[in-house]
Amino acid sequence: MSQLISIVLPVFNEEPGIQATIDTLLNFTEQQKEDYELIFVDDGSKDKSVKIIKHAIELHSNIKLVEFSRNFGHQLAITAGLQYTSGDAVVVMDADLQDPPEVIPQMIEKWHEGYDIVYGKRMQRDGETVFKKFTAAMFYRTFKHLATIDMPLDTGDFRLMNKRAVKQLQKLHEQDPFVRGQVTWIGFKQTSVKYHRQERIAGETKYPLSKMIKLALDGITSFSMKPLQFANIFSVVPIVSGVFYLGYLFATGRYTASSVGMTILLFTLGLLLLSVGILGSYLGRVLDQVNDRPRFIVSETEGFQERNKGIHHLDARQMRS
Ligand code: UDP
Ligand code: MG
């Protein structure tokens, strides 16, 4: 019996390009010896993305759809998609063809060699702004210094995972998951294949600066405690400089340097607010976890076989081991 590969594709307002993605993937999968299922996770699209996918489901039995009740974000769409897979291996990729399907056979080859996880390493990124490339490069390098996990550089969410890796990921239940960090965290045998990240086939990026910042903060606050200690380090600076300044005032007899005093005050206030901000970011994460809401709500599924439906409706929370 041939192996089944599940492809998980998060979708958010991809109307202009989704048909091309479906056609390209169907064309690709037909030429492969493995069987494929395409699981689209609609993350609350407001355009015709869902309609186009549903139409494709009528024509092709290997296409499936998980529909969120609203936009819960890319990382949760991936997380949800993983819960619905039944393949021997799972591939996660963008629904805009930025991650070329031609790389999948190379990933499968590595998997057959005995690797559990094969991630795509970007050698080149087309059609992305200098700002995005620069901030991404900065983030990954900073993250490396801060985090307790050794996440490979220049990787996104394009990767293949085998069944046992997916099973472990399904057990994690962070409210705001940073999936690529989680994948590194679970361990197993991991390797990479290099690829050339393409330009988006259509539409705009669905990652505005605000979402990029949220992703970066989720990554750092879920895999590093170091920023919490910054508050301690920062407090040393104003204290030490305050003491020296006082010594200087007494030594020189200049007691009325109000402008310098003001500078120190502002400096101290800035550090104080920054420290509170850092605490707040972590506290927010704790609060999220304490609230213990389901992480996402699925409003509808289509294309899955009846017998599979029941279990898939369970949220990860109910599946906890
Ligand atoms: N996406 C999503 N929810 C969001 C934002 C994006 O499901 O809130 C999807 C999007 O449709 C795409 C993938 O996640 O398939 C990656 O987003 P995008 O291509 O916009 O990011 P970029 O490649 O520009 O970093
Ligand atoms: Mg993309």
# chains A, B, ... in the order shown; residues from 1 in each chain; ligands from 1

call {"tool": "residues_near_ligand", "arguments": {"ligand": "ligand 1", "cutoff": "9 Å", "atoms": "only C-alpha atoms and all ligand atoms", "output": "PyMOL selection string"}}
result
chain A and resi 9-14+41-45+71-78+93-99+128+132+156-157+199-200+203-208+211-212

call {"tool": "write_last_selection", "arguments": {"atoms": "N, CA and C atoms", "output": "compact mmCIF listing (two decimals), in the first residue's frame"}}
result
# COMPACT_ATOMS: atom_id res chain seq x y z
N LEU A 9 -2.52 23.36 4.66
CA LEU A 9 -2.37 24.70 4.08
C LEU A 9 -3.25 25.72 4.78
N PRO A 10 -2.70 26.59 5.61
CA PRO A 10 -3.49 27.64 6.23
C PRO A 10 -3.89 28.70 5.19
N VAL A 11 -5.13 29.14 5.26
CA VAL A 11 -5.63 30.07 4.25
C VAL A 11 -6.29 31.28 4.90
N PHE A 12 -5.85 32.44 4.55
CA PHE A 12 -6.52 33.65 5.02
C PHE A 12 -6.63 34.64 3.86
N ASN A 13 -7.84 34.81 3.36
CA ASN A 13 -8.10 35.71 2.24
C ASN A 13 -7.15 35.50 1.06
N GLU A 14 -7.16 34.29 0.55
CA GLU A 14 -6.26 33.96 -0.57
C GLU A 14 -7.01 33.82 -1.89
N VAL A 41 -6.97 24.83 5.86
CA VAL A 41 -7.56 25.35 7.10
C VAL A 41 -7.89 26.80 6.85
N ASP A 42 -9.19 27.09 6.75
CA ASP A 42 -9.56 28.47 6.50
C ASP A 42 -9.60 29.25 7.80
N ASP A 43 -8.73 30.24 7.88
CA ASP A 43 -8.57 31.02 9.10
C ASP A 43 -9.45 32.27 9.07
N GLY A 44 -10.75 32.04 8.87
CA GLY A 44 -11.69 33.16 8.90
C GLY A 44 -11.60 34.10 7.71
N SER A 45 -11.40 33.54 6.53
CA SER A 45 -11.33 34.39 5.33
C SER A 45 -12.65 35.11 5.10
N ASN A 71 -10.85 34.61 12.42
CA ASN A 71 -9.40 34.60 12.23
C ASN A 71 -8.69 34.35 13.57
N PHE A 72 -8.05 33.18 13.68
CA PHE A 72 -7.31 32.87 14.91
C PHE A 72 -5.80 32.98 14.71
N GLY A 73 -5.40 33.17 13.47
CA GLY A 73 -3.96 33.35 13.20
C GLY A 73 -3.32 32.12 12.56
N HIS A 74 -2.30 32.41 11.79
CA HIS A 74 -1.56 31.41 11.02
C HIS A 74 -1.06 30.23 11.86
N GLN A 75 -0.49 30.52 13.03
CA GLN A 75 0.11 29.46 13.84
C GLN A 75 -0.97 28.49 14.36
N LEU A 76 -2.11 29.03 14.73
CA LEU A 76 -3.19 28.16 15.21
C LEU A 76 -3.84 27.40 14.05
N ALA A 77 -3.82 28.01 12.86
CA ALA A 77 -4.36 27.30 11.69
C ALA A 77 -3.50 26.07 11.41
N ILE A 78 -2.19 26.22 11.55
CA ILE A 78 -1.30 25.06 11.37
C ILE A 78 -1.59 24.03 12.46
N MET A 93 2.63 23.88 4.41
CA MET A 93 3.12 24.90 3.48
C MET A 93 2.16 26.06 3.32
N ASP A 94 2.66 27.20 2.84
CA ASP A 94 1.82 28.36 2.57
C ASP A 94 0.84 28.05 1.44
N ALA A 95 -0.30 28.72 1.45
CA ALA A 95 -1.29 28.49 0.40
C ALA A 95 -1.08 29.43 -0.79
N ASP A 96 0.08 30.10 -0.82
CA ASP A 96 0.33 31.07 -1.90
C ASP A 96 1.44 30.61 -2.84
N LEU A 97 1.81 29.31 -2.75
CA LEU A 97 2.85 28.70 -3.57
C LEU A 97 4.24 29.31 -3.37
N GLN A 98 4.45 29.98 -2.23
CA GLN A 98 5.80 30.47 -1.95
C GLN A 98 6.74 29.31 -1.65
N ASP A 99 6.15 28.24 -1.10
CA ASP A 99 6.93 27.04 -0.81
C ASP A 99 6.69 26.07 -1.96
N GLU A 128 10.07 39.65 -1.45
CA GLU A 128 9.79 40.14 -0.11
C GLU A 128 10.60 41.41 0.14
N LYS A 132 11.33 43.25 5.49
CA LYS A 132 10.92 41.94 6.02
C LYS A 132 12.13 41.01 6.16
N GLY A 156 11.09 28.58 8.04
CA GLY A 156 9.74 29.06 8.34
C GLY A 156 8.92 27.87 8.79
N ASP A 157 7.71 27.77 8.25
CA ASP A 157 6.86 26.65 8.66
C ASP A 157 6.76 25.58 7.58
N GLU A 199 8.22 33.98 -5.07
CA GLU A 199 7.34 35.12 -4.87
C GLU A 199 5.92 34.59 -4.72
N ARG A 200 5.09 35.29 -3.99
CA ARG A 200 3.67 34.96 -3.88
C ARG A 200 3.02 34.93 -5.26
N GLY A 203 -2.01 38.22 -4.73
CA GLY A 203 -2.41 38.85 -3.46
C GLY A 203 -1.22 39.38 -2.68
N GLU A 204 -1.57 39.90 -1.52
CA GLU A 204 -0.57 40.53 -0.65
C GLU A 204 -0.21 39.61 0.50
N THR A 205 0.89 39.89 1.18
CA THR A 205 1.21 39.12 2.37
C THR A 205 0.12 39.34 3.43
N LYS A 206 -0.18 38.28 4.18
CA LYS A 206 -1.20 38.39 5.25
C LYS A 206 -0.50 38.58 6.59
N TYR A 207 0.78 38.95 6.51
CA TYR A 207 1.56 39.18 7.72
C TYR A 207 1.97 40.64 7.83
N PRO A 208 1.07 41.51 8.25
CA PRO A 208 1.47 42.90 8.46
C PRO A 208 2.41 42.98 9.66
N LYS A 211 1.31 41.53 13.04
CA LYS A 211 1.32 40.07 13.21
C LYS A 211 2.74 39.55 13.33
N MET A 212 3.67 40.23 12.63
CA MET A 212 5.07 39.80 12.73
C MET A 212 5.59 40.03 14.15

call {"tool": "residues_around", "arguments": {"residues": "A:Phe223", "least_positions_apart": "5", "cutoff": "10 Å", "atoms": "only C-alpha atoms", "output": "VMD selection string"}}
result
chain A and resid 143 146 to 149 178 181 to 182 185 217 to 218

call {"tool": "closest_residue", "arguments": {"among": "A:Phe158, A:Tyr245, A:Phe230, A:Phe304", "to": "ligand 2", "atoms": "only C-alpha atoms and all ligand atoms"}}
result
A:Phe158

call {"tool": "atom_distance", "arguments": {"atom1": "atom CA of A:Met262", "atom2": "atom CA of A:Val236"}}
result
18.3 Å

call {"tool": "select_by_dssp", "arguments": {"residues": "stretch 12-81 of chain A", "states": "strand (DSSP E or B)", "output": "list in words"}}
result
Asp35, Tyr36, Glu37, Leu38, Ile39, Phe40, Val41, Asp42, Ile63, Lys64, Leu65, Val66, Glu67 and Phe68 of chain A

call {"tool": "atom_distance", "arguments": {"atom1": "atom CA of A:Leu38", "atom2": "atom CA of A:His55"}}
result
13.8 Å

call {"tool": "closest_residue", "arguments": {"among": "A:Asn232, A:Thr221, A:Thr21, A:Thr85", "to": "ligand 2", "atoms": "only C-alpha atoms and all ligand atoms"}}
result
A:Thr21

call {"tool": "select_by_dssp", "arguments": {"residues": "stretch 99-226 of chain A", "states": "alpha helix (DSSP H)", "output": "VMD selection string"}}
result
chain A and resid 104 to 113 130 to 146 163 to 171 179 to 186 209 to 223 226

call {"tool": "residues_around", "arguments": {"residues": "A:Ile278", "least_positions_apart": "5", "cutoff": "8 Å", "atoms": "only C-alpha atoms", "output": "ChimeraX atom specification"}}
result
/A:227-228,231

call {"tool": "write_last_selection", "arguments": {"atoms": "N, CA and C atoms", "output": "PDB file, in the first residue's frame"}}
result
ATOM      1  N   PRO A 227      14.678  37.618  28.917  1.00  0.00           N
ATOM      2  CA  PRO A 227      14.215  39.012  29.018  1.00  0.00           C
ATOM      3  C   PRO A 227      13.684  39.377  30.407  1.00  0.00           C
ATOM      4  N   LEU A 228      13.139  38.371  31.122  1.00  0.00           N
ATOM      5  CA  LEU A 228      12.649  38.654  32.475  1.00  0.00           C
ATOM      6  C   LEU A 228      13.787  39.133  33.375  1.00  0.00           C
ATOM      7  N   ALA A 231      15.183  43.034  33.475  1.00  0.00           N
ATOM      8  CA  ALA A 231      14.709  44.011  34.453  1.00  0.00           C
ATOM      9  C   ALA A 231      15.744  44.192  35.561  1.00  0.00           C
TER      10      ALA A 231
END

call {"tool": "closest_atom_pairs", "arguments": {"of": "stretch 181-256 of chain A", "to": "stretch 109-127 of chain A", "cutoff": "10 Å", "atoms": "only C-alpha atoms", "output": "JSON lines"}}
result
{"residue": "A:Val183", "atom": "CA", "partner": "A:Ile117", "partner_atom": "CA", "distance": 8.3}
{"residue": "A:Thr184", "atom": "CA", "partner": "A:Ile117", "partner_atom": "CA", "distance": 9.2}
{"residue": "A:Gly187", "atom": "CA", "partner": "A:Ile117", "partner_atom": "CA", "distance": 8.8}
{"residue": "A:Phe188", "atom": "CA", "partner": "A:Asp116", "partner_atom": "CA", "distance": 6.2}
{"residue": "A:Lys189", "atom": "CA", "partner": "A:Tyr115", "partner_atom": "CA", "distance": 5.1}
{"residue": "A:Gln190", "atom": "CA", "partner": "A:Ile117", "partner_atom": "CA", "distance": 4.7}
{"residue": "A:Thr191", "atom": "CA", "partner": "A:Val118", "partner_atom": "CA", "distance": 5.0}
{"residue": "A:Ser192", "atom": "CA", "partner": "A:Tyr119", "partner_atom": "CA", "distance": 4.7}
{"residue": "A:Val193", "atom": "CA", "partner": "A:Gly120", "partner_atom": "CA", "distance": 5.2}
{"residue": "A:Lys194", "atom": "CA", "partner": "A:Lys121", "partner_atom": "CA", "distance": 4.7}
{"residue": "A:Tyr195", "atom": "CA", "partner": "A:Arg122", "partner_atom": "CA", "distance": 5.3}
{"residue": "A:His196", "atom": "CA", "partner": "A:Gln124", "partner_atom": "CA", "distance": 5.0}
{"residue": "A:Arg197", "atom": "CA", "partner": "A:Arg125", "partner_atom": "CA", "distance": 4.8}
{"residue": "A:Gln198", "atom": "CA", "partner": "A:Asp126", "partner_atom": "CA", "distance": 5.2}
{"residue": "A:Glu199", "atom": "CA", "partner": "A:Gly127", "partner_atom": "CA", "distance": 4.7}
{"residue": "A:Arg200", "atom": "CA", "partner": "A:Gly127", "partner_atom": "CA", "distance": 7.1}
{"residue": "A:Ile201", "atom": "CA", "partner": "A:Gly127", "partner_atom": "CA", "distance": 9.9}

call {"tool": "atom_distance", "arguments": {"atom1": "atom CA of A:Met161", "atom2": "atom CA of A:Ala89"}}
result
5.5 Å

call {"tool": "closest_residue", "arguments": {"among": "A:Leu265, A:Leu249, A:Ala202, A:Pro294", "to": "ligand 2", "atoms": "only C-alpha atoms and all ligand atoms"}}
result
A:Ala202

call {"tool": "closest_residue", "arguments": {"among": "A:Ser61, A:Val92, A:Arg141, A:Gln32", "to": "ligand 2", "atoms": "only C-alpha atoms and all ligand atoms"}}
result
A:Val92

call {"tool": "closest_residue", "arguments": {"among": "A:Leu269, A:Ala20, A:Pro100, A:Ile39", "to": "ligand 2", "atoms": "only C-alpha atoms and all ligand atoms"}}
result
A:Pro100

call {"tool": "closest_residue", "arguments": {"among": "A:Ile18, A:Leu59, A:Ile264, A:Ala216", "to": "ligand 2", "atoms": "only C-alpha atoms and all ligand atoms"}}
result
A:Ile18
